[in-house]
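Below: one structure, written as structure tokens.
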Amino acid sequence: MTKQPLIAFPGDKRFAFSIFDDTDVSTLDYIRPIYELLDRLGFRTTKSVWPLPYSGPSDYQGSDTLADPEYASYARHLQERGFEIAFHGARMESSARAEIIEAFEVYKQILGHYPMAYAAHGYNRDNLYWGIDRFRFRLWRWLYGTVGDGRDYPGEGHRMGSPFYWADLAERHLRYVRSFTYDNLNLWNVTSAIPYRTVGTRGVRAFFPSSDADNVEEFIELLSPARQAQLEREGGLAIVSTHFGKGFLRDGCVHPDVVEVLTRLSRRPGWFPPVSTLLDYVADAQGGIALLKGHELFRLEGLWFWHGIYRRLKRRTYEKTEVPYTQRARERYSGRPDEA
Ligand SMILES: [Zn+2]
């Protein structure tokens with residue numbers, strides 16, 4: 001059992017909760033009702049974006065990017081209201097260094113500064129410390145290579161000499177990089193070292209773990225009333241990674257069960273800031289970014305496998321209500337000149 005740090009949250013709040021929304025298959029029309037709901041309920045969470053468009057074949061084709069002026073202006077609008085806009089990589093597919101530089105500049109042009117937080121996307125080759133390179137320990141690297149998801153995409157963003165290298169830019173621009181995901185809502189039950197840094201991961205100033213809810217059904221389950229009550233009772237820290245683009249709407253409105261779990265949560269005495277604000281606060285309260293090494297790091301990496309097995313058993317399918325939206329966007333974009 002991990003010792004739980006005693007941190008008093010601002011405003012005498014009893015626990016902290018935030019969301020990191022990966023932008024996969026998100027379109028403006030699809031996510032707007034969700035963000036309006038979050039806003040109304042007092043949540044100020046983190047939404048990631050892809051700054052650059054991509055016109056080649058991709059499973060994510062039809063997702064909006066900052067190349068769409070309306071979507072870009074909505075991202076700016078969210079930021080003005082206190083949400084955080086984070087970086088999900090340069091675009092939906094792999095990007096070489098020059099494109100990553102361009103992506104940072106596009107982001108800055110639209111949002112006025114560089115992003116603070118980043119999470120790797122899918123199997124992009126520019127991912128930082130991804131695939132087998134997520135692990136510092138040989139045993140876990142071996143296990144991942146053997147029984148992991150078997151795909152040979154390490155991510156080369158941190159490998160100097162690779163055309164996909166950008167770890168130096170990450171170090172300059174970013175404060176937080178997402179690492180492992182777990183099944184616990186209260187991340188302090190996984191580790192007390194949040195955020196943390198590790199030796200041998202140049203370019204990353206600090207990592208943070210998160211709880212995993214791939215789609216709407218998993219989100220509803222992760223935020224069950226019992227889990228919410230436990231989070232509050234334990235005075236915990238929650239950062240949920242999800243895709244608001246995956247099934248969160250029904251007939252054009254936010255899924256009623258999502259409305260219910262979020263409304264319940266909003267009535268609890270929690271602090272609901274964006275991910276980077278939350279991590280800044282916790283790091284400050286603990287006197288800096290914890291250095292994670294040795295047994296504690298070994299355990300954190302190993303726990304990911306354990307939770308991964310459990311998560312696989314709990315994988316939920318969902319109704320893909322986003323498909324007509326991405327379809328429409330695809331048709332709209334295909335009318336444009338090729339930008340690749
Ligand atoms: Zn993604």
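Chain labels run A, B, ... following the order of the structure tokens; each chain numbers its residues from 1, and ligands are numbered from 1 in the order shown.
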Applying 7 Å and only C-alpha atoms, which residues near region 77-92 of chain A remain after dropping the ones on its own chain fewer than 3 positions away? List them as a compact mmCIF listing (two decimals) with N, CA and C atoms, in the first residue's frame.
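File written: out.txt
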# COMPACT_ATOMS: atom_id res chain seq x y z
N ASP A 22 -8.03 13.03 -24.60
CA ASP A 22 -7.28 12.82 -25.84
C ASP A 22 -8.20 13.14 -27.02
N ARG A 44 -12.87 22.44 -14.63
CA ARG A 44 -11.95 23.11 -15.56
C ARG A 44 -10.87 22.10 -15.89
N THR A 45 -11.10 21.31 -16.91
CA THR A 45 -10.24 20.16 -17.17
C THR A 45 -9.27 20.46 -18.32
N THR A 46 -8.63 19.42 -18.83
CA THR A 46 -7.62 19.58 -19.88
C THR A 46 -8.07 18.89 -21.16
N LYS A 47 -8.10 19.67 -22.23
CA LYS A 47 -8.43 19.10 -23.54
C LYS A 47 -7.20 19.16 -24.42
N SER A 48 -6.85 18.03 -25.04
CA SER A 48 -5.69 18.06 -25.94
C SER A 48 -6.13 18.38 -27.36
N VAL A 49 -5.15 18.83 -28.16
CA VAL A 49 -5.43 19.13 -29.58
C VAL A 49 -4.28 18.62 -30.45
N TRP A 50 -4.60 18.49 -31.74
CA TRP A 50 -3.57 18.34 -32.77
C TRP A 50 -3.49 19.67 -33.50
N PRO A 51 -2.35 20.33 -33.48
CA PRO A 51 -2.26 21.60 -34.19
C PRO A 51 -2.35 21.45 -35.71
N LEU A 52 -1.75 20.38 -36.27
CA LEU A 52 -1.67 20.27 -37.72
C LEU A 52 -2.70 19.28 -38.29
N PRO A 53 -3.18 19.57 -39.51
CA PRO A 53 -4.10 18.64 -40.16
C PRO A 53 -3.33 17.49 -40.81
N TYR A 54 -4.04 16.49 -41.25
CA TYR A 54 -3.41 15.37 -41.94
C TYR A 54 -4.40 14.88 -42.98
N TYR A 60 -8.05 8.08 -37.74
CA TYR A 60 -8.57 9.25 -37.01
C TYR A 60 -9.07 10.32 -37.96
N SER A 73 -10.88 28.50 -32.68
CA SER A 73 -11.41 29.59 -31.87
C SER A 73 -12.17 29.04 -30.65
N TYR A 74 -12.74 27.86 -30.80
CA TYR A 74 -13.39 27.24 -29.63
C TYR A 74 -12.33 26.82 -28.58
N SER A 95 4.88 12.46 -37.20
CA SER A 95 5.38 13.73 -37.73
C SER A 95 6.87 13.83 -37.49
N GLU A 99 7.87 19.25 -38.72
CA GLU A 99 6.42 19.39 -38.52
C GLU A 99 6.08 19.62 -37.05
N ILE A 100 6.88 19.01 -36.20
CA ILE A 100 6.63 19.21 -34.76
C ILE A 100 6.93 20.65 -34.37
N ALA A 103 4.11 22.62 -35.51
CA ALA A 103 2.95 22.40 -34.66
C ALA A 103 3.01 23.25 -33.40
N PRO A 115 2.22 24.77 -25.22
CA PRO A 115 1.45 23.90 -24.31
C PRO A 115 2.28 23.48 -23.10
N MET A 116 1.58 23.14 -22.02
CA MET A 116 2.29 22.70 -20.81
C MET A 116 2.31 21.18 -20.68
N ALA A 117 1.25 20.54 -21.14
CA ALA A 117 1.16 19.09 -20.94
C ALA A 117 1.03 18.37 -22.27
N TYR A 118 1.53 17.15 -22.28
CA TYR A 118 1.54 16.33 -23.50
C TYR A 118 1.21 14.88 -23.16
N ALA A 119 0.47 14.24 -24.06
CA ALA A 119 0.29 12.79 -23.97
C ALA A 119 0.52 12.20 -25.35
N ALA A 120 1.26 11.09 -25.38
CA ALA A 120 1.55 10.41 -26.65
C ALA A 120 0.25 9.90 -27.27
N HIS A 121 0.28 9.73 -28.61
CA HIS A 121 -0.92 9.28 -29.31
C HIS A 121 -0.67 8.01 -30.10
N PRO A 274 -7.53 22.24 -14.10
CA PRO A 274 -6.86 21.53 -15.21
C PRO A 274 -5.69 20.70 -14.69
Members of region 113-276 of chain A assigned alpha helix (DSSP H) by DSSP, as an mmCIF file with C-alpha atoms, in the first residue's frame:
data_model
loop_
_atom_site.group_PDB
_atom_site.id
_atom_site.type_symbol
_atom_site.label_atom_id
_atom_site.label_comp_id
_atom_site.auth_asym_id
_atom_site.auth_seq_id
_atom_site.Cartn_x
_atom_site.Cartn_y
_atom_site.Cartn_z
ATOM 1 C CA ARG A 138 14.980 -4.656 -18.405
ATOM 2 C CA LEU A 139 12.531 -7.146 -16.985
ATOM 3 C CA TRP A 140 9.566 -4.989 -17.936
ATOM 4 C CA ARG A 141 11.039 -4.194 -21.355
ATOM 5 C CA TRP A 142 11.388 -7.883 -21.953
ATOM 6 C CA LEU A 143 7.870 -8.605 -20.729
ATOM 7 C CA TYR A 144 6.432 -5.818 -22.874
ATOM 8 C CA GLY A 145 8.282 -7.115 -25.911
ATOM 9 C CA THR A 146 7.014 -10.627 -25.247
ATOM 10 C CA VAL A 147 3.427 -10.242 -24.104
ATOM 11 C CA ALA A 167 12.915 15.654 -26.823
ATOM 12 C CA ASP A 168 14.880 18.924 -26.690
ATOM 13 C CA LEU A 169 11.754 20.849 -27.683
ATOM 14 C CA ALA A 170 9.731 18.888 -25.146
ATOM 15 C CA GLU A 171 12.174 19.901 -22.453
ATOM 16 C CA ARG A 172 12.045 23.526 -23.497
ATOM 17 C CA HIS A 173 8.285 23.826 -23.915
ATOM 18 C CA VAL A 216 -17.989 6.646 -22.532
ATOM 19 C CA GLU A 217 -18.893 3.285 -20.989
ATOM 20 C CA GLU A 218 -15.556 2.980 -19.200
ATOM 21 C CA PHE A 219 -15.829 6.590 -18.043
ATOM 22 C CA ILE A 220 -19.240 5.973 -16.485
ATOM 23 C CA GLU A 221 -17.915 2.867 -14.751
ATOM 24 C CA LEU A 222 -14.757 4.560 -13.469
ATOM 25 C CA PRO A 225 -20.953 6.514 -7.096
ATOM 26 C CA ALA A 226 -18.964 4.007 -5.012
ATOM 27 C CA ARG A 227 -15.659 5.073 -6.559
ATOM 28 C CA GLN A 228 -16.520 8.753 -6.137
ATOM 29 C CA ALA A 229 -17.316 8.152 -2.465
ATOM 30 C CA GLN A 230 -14.011 6.327 -2.013
ATOM 31 C CA LEU A 231 -12.078 9.136 -3.706
ATOM 32 C CA GLU A 232 -13.626 11.659 -1.345
ATOM 33 C CA ARG A 233 -13.171 9.454 1.728
ATOM 34 C CA GLU A 234 -9.496 8.936 0.910
ATOM 35 C CA PRO A 256 -27.536 10.854 -19.634
ATOM 36 C CA ASP A 257 -25.332 8.623 -17.462
ATOM 37 C CA VAL A 258 -22.394 10.977 -18.028
ATOM 38 C CA VAL A 259 -24.557 13.916 -16.996
ATOM 39 C CA GLU A 260 -25.474 11.985 -13.873
ATOM 40 C CA VAL A 261 -21.991 10.925 -12.752
ATOM 41 C CA LEU A 262 -20.518 14.363 -13.423
ATOM 42 C CA THR A 263 -23.382 16.150 -11.668
ATOM 43 C CA ARG A 264 -22.949 13.903 -8.622
ATOM 44 C CA LEU A 265 -19.204 14.523 -8.622
ATOM 45 C CA SER A 266 -19.644 18.282 -8.950
ATOM 46 C CA VAL A 275 -4.200 18.824 -15.074
ATOM 47 C CA SER A 276 -1.166 21.160 -15.157
#
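Distances here use only C-alpha atoms and all ligand atoms; by that measure, the residue among A:Asn186, A:Ser241, A:Ser18, A:Ser162 closest to ligand 1 is A:Ser241.
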task: Write out as a VMD selection string the residues lying within 12 Å of region 287-296 of chain A, counting only C-alpha atoms and excluding same-chain residues fewer than 2 positions away.
output: chain A and resid 1 to 3 7 135 to 137 175 to 176 190 to 201 204 to 208 279 to 285 298 to 303
Those selected residues, please, written with C-alpha atoms and delivered as a PDB file, in the first residue's frame.
ATOM      1  CA  MET A   1       0.000   0.000   0.000  1.00  0.00           C
ATOM      2  CA  THR A   2       1.381   3.407  -0.909  1.00  0.00           C
ATOM      3  CA  LYS A   3       1.529   5.998   1.801  1.00  0.00           C
ATOM      4  CA  ILE A   7      -1.968  17.604   1.046  1.00  0.00           C
ATOM      5  CA  PHE A 135      10.195   1.107 -19.242  1.00  0.00           C
ATOM      6  CA  ARG A 136      13.445   1.741 -17.399  1.00  0.00           C
ATOM      7  CA  PHE A 137      13.810  -1.843 -16.198  1.00  0.00           C
ATOM      8  CA  ARG A 175       6.150  20.790 -18.060  1.00  0.00           C
ATOM      9  CA  TYR A 176       4.293  17.470 -17.900  1.00  0.00           C
ATOM     10  CA  VAL A 190      -0.765   3.654  -7.133  1.00  0.00           C
ATOM     11  CA  THR A 191       2.091   5.963  -6.120  1.00  0.00           C
ATOM     12  CA  SER A 192       2.649   8.960  -3.894  1.00  0.00           C
ATOM     13  CA  ALA A 193       5.198  10.331  -6.378  1.00  0.00           C
ATOM     14  CA  ILE A 194       3.012  12.551  -8.572  1.00  0.00           C
ATOM     15  CA  PRO A 195       4.342  14.275 -10.575  1.00  0.00           C
ATOM     16  CA  TYR A 196       7.682  12.475 -10.809  1.00  0.00           C
ATOM     17  CA  ARG A 197      10.865  12.434 -12.832  1.00  0.00           C
ATOM     18  CA  THR A 198      13.199   9.583 -13.623  1.00  0.00           C
ATOM     19  CA  VAL A 199      16.871   9.250 -14.441  1.00  0.00           C
ATOM     20  CA  GLY A 200      17.669   8.533 -18.095  1.00  0.00           C
ATOM     21  CA  THR A 201      14.600  10.179 -19.623  1.00  0.00           C
ATOM     22  CA  VAL A 204      10.945  15.063 -19.800  1.00  0.00           C
ATOM     23  CA  ARG A 205      10.851  17.464 -16.887  1.00  0.00           C
ATOM     24  CA  ALA A 206       8.089  15.531 -15.146  1.00  0.00           C
ATOM     25  CA  PHE A 207       5.803  12.568 -15.754  1.00  0.00           C
ATOM     26  CA  PHE A 208       2.311  12.012 -14.425  1.00  0.00           C
ATOM     27  CA  LEU A 279       0.264  18.994 -10.841  1.00  0.00           C
ATOM     28  CA  ASP A 280       1.896  22.389 -10.210  1.00  0.00           C
ATOM     29  CA  TYR A 281       0.047  22.626  -6.933  1.00  0.00           C
ATOM     30  CA  VAL A 282       0.872  19.105  -5.762  1.00  0.00           C
ATOM     31  CA  ALA A 283       4.534  19.463  -6.762  1.00  0.00           C
ATOM     32  CA  ASP A 284       4.731  22.731  -4.840  1.00  0.00           C
ATOM     33  CA  ALA A 285       3.086  21.283  -1.762  1.00  0.00           C
ATOM     34  CA  PHE A 298      10.189  -0.858 -10.646  1.00  0.00           C
ATOM     35  CA  ARG A 299       6.902  -1.342  -8.850  1.00  0.00           C
ATOM     36  CA  LEU A 300       5.143   1.478 -10.751  1.00  0.00           C
ATOM     37  CA  GLU A 301       6.192   0.047 -14.120  1.00  0.00           C
ATOM     38  CA  GLY A 302       5.210  -3.484 -13.099  1.00  0.00           C
ATOM     39  CA  LEU A 303       1.829  -2.370 -11.769  1.00  0.00           C
TER      40      LEU A 303
END
